[in-house]
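**Student:** Can you keep this structure in mind? I'll have questions shortly.
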Amino acid sequence: MNKRILVLATLVFAFAVAGFAQAKKQTTKAEPVKYELAAIKVESAVCNSCANTIEKALKKVGGVKSAKVDIDKKVATVKYVATKANLSQLETAIANAGYDANDTTRNKAAYDKLDACCKIDGDM
Ligand SMILES: [Cu+2]
């Protein structure tokens, strides 16, 4: 008799815990992700290959959702999770790929490894 009540109580408790866990999960899931949009000047980019290299480098940065380079305007537009990345990280990623990013100067070693067509005149 007592055993049956104990089993029943245990079951009720288990369901309550499961229900609570589920409710907590949904609350976490419902939290909206805040995205930030950055427009970064990439003056030393000259062709589509440059654009690809920069986009690839940006997408490797944690929290980056999308990256697109407009080669005519020489601007990289980046959408990223506000809490996971910041502008200076993005600029550094571009600089480490061999390109100037806003006021961050390109990494010389990375620039030297770029294809000849991606090098701008008046090398530093
Ligand atoms: Cu290029």
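Residue numbering restarts at 1 in every chain; chains get A, B, ... in the order shown in the structure tokens, and ligands count up from 1 in that same order.
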Please identify all protein, DNA and RNA residues within 6 Å of ligand 1, counting only C-alpha atoms and all ligand atoms, and report them as a ChimeraX atom specification.
**Tutor:** /A:46-50,117-118
**Student:** Skip segment 81-84 of chain A itself and residues of its chain fewer than 6 positions away, then list as a ChimeraX atom specification all residues within 6 Å of it, counting only C-alpha atoms.
**Tutor:** /A:34-36,63
**Student:** Using C-alpha atoms, can you export the residues from the last selection as a compact mmCIF listing (two decimals), in the first residue's frame?
**Tutor:**
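Once everything was written out, this is out35.txt:
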# COMPACT_ATOMS: atom_id res chain seq x y z
CA LYS A 34 20.88 40.76 -30.89
CA TYR A 35 22.72 41.36 -34.13
CA GLU A 36 25.05 44.22 -34.87
CA GLY A 63 29.56 35.15 -33.90
**Student:** Could you state the separation of atom CA of Leu90 of chain A and atom CA of Ala116 of chain A in Å, given to one decimal place?
**Tutor:** 24.4 Å
**Student:** Could you work out how far atom CA of Ala95 of chain A lies from atom CA of Ala67 of chain A, giving the answer in Å with one decimal?
**Tutor:**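 Taking atom CA of Ala67 of chain A and atom CA of Ala95 of chain A, their separation equals 15.1 Å.
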**Student:** Extract, using only C-alpha atoms, all DNA, RNA and protein residues at most 12 Å from Leu58 of chain A, discarding same-chain residues fewer than 4 positions from it, and format them as a ChimeraX atom specification.
**Tutor:** /A:38,40,51-54,62-69,76-80,85-97,99,101
**Student:** How far is it from atom CA of Ile120 of chain A to atom CA of Lys59 of chain A, in Å with one decimal?
**Tutor:**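 Calculated distance between atom CA of Ile120 of chain A and atom CA of Lys59 of chain A is 23.8 Å.
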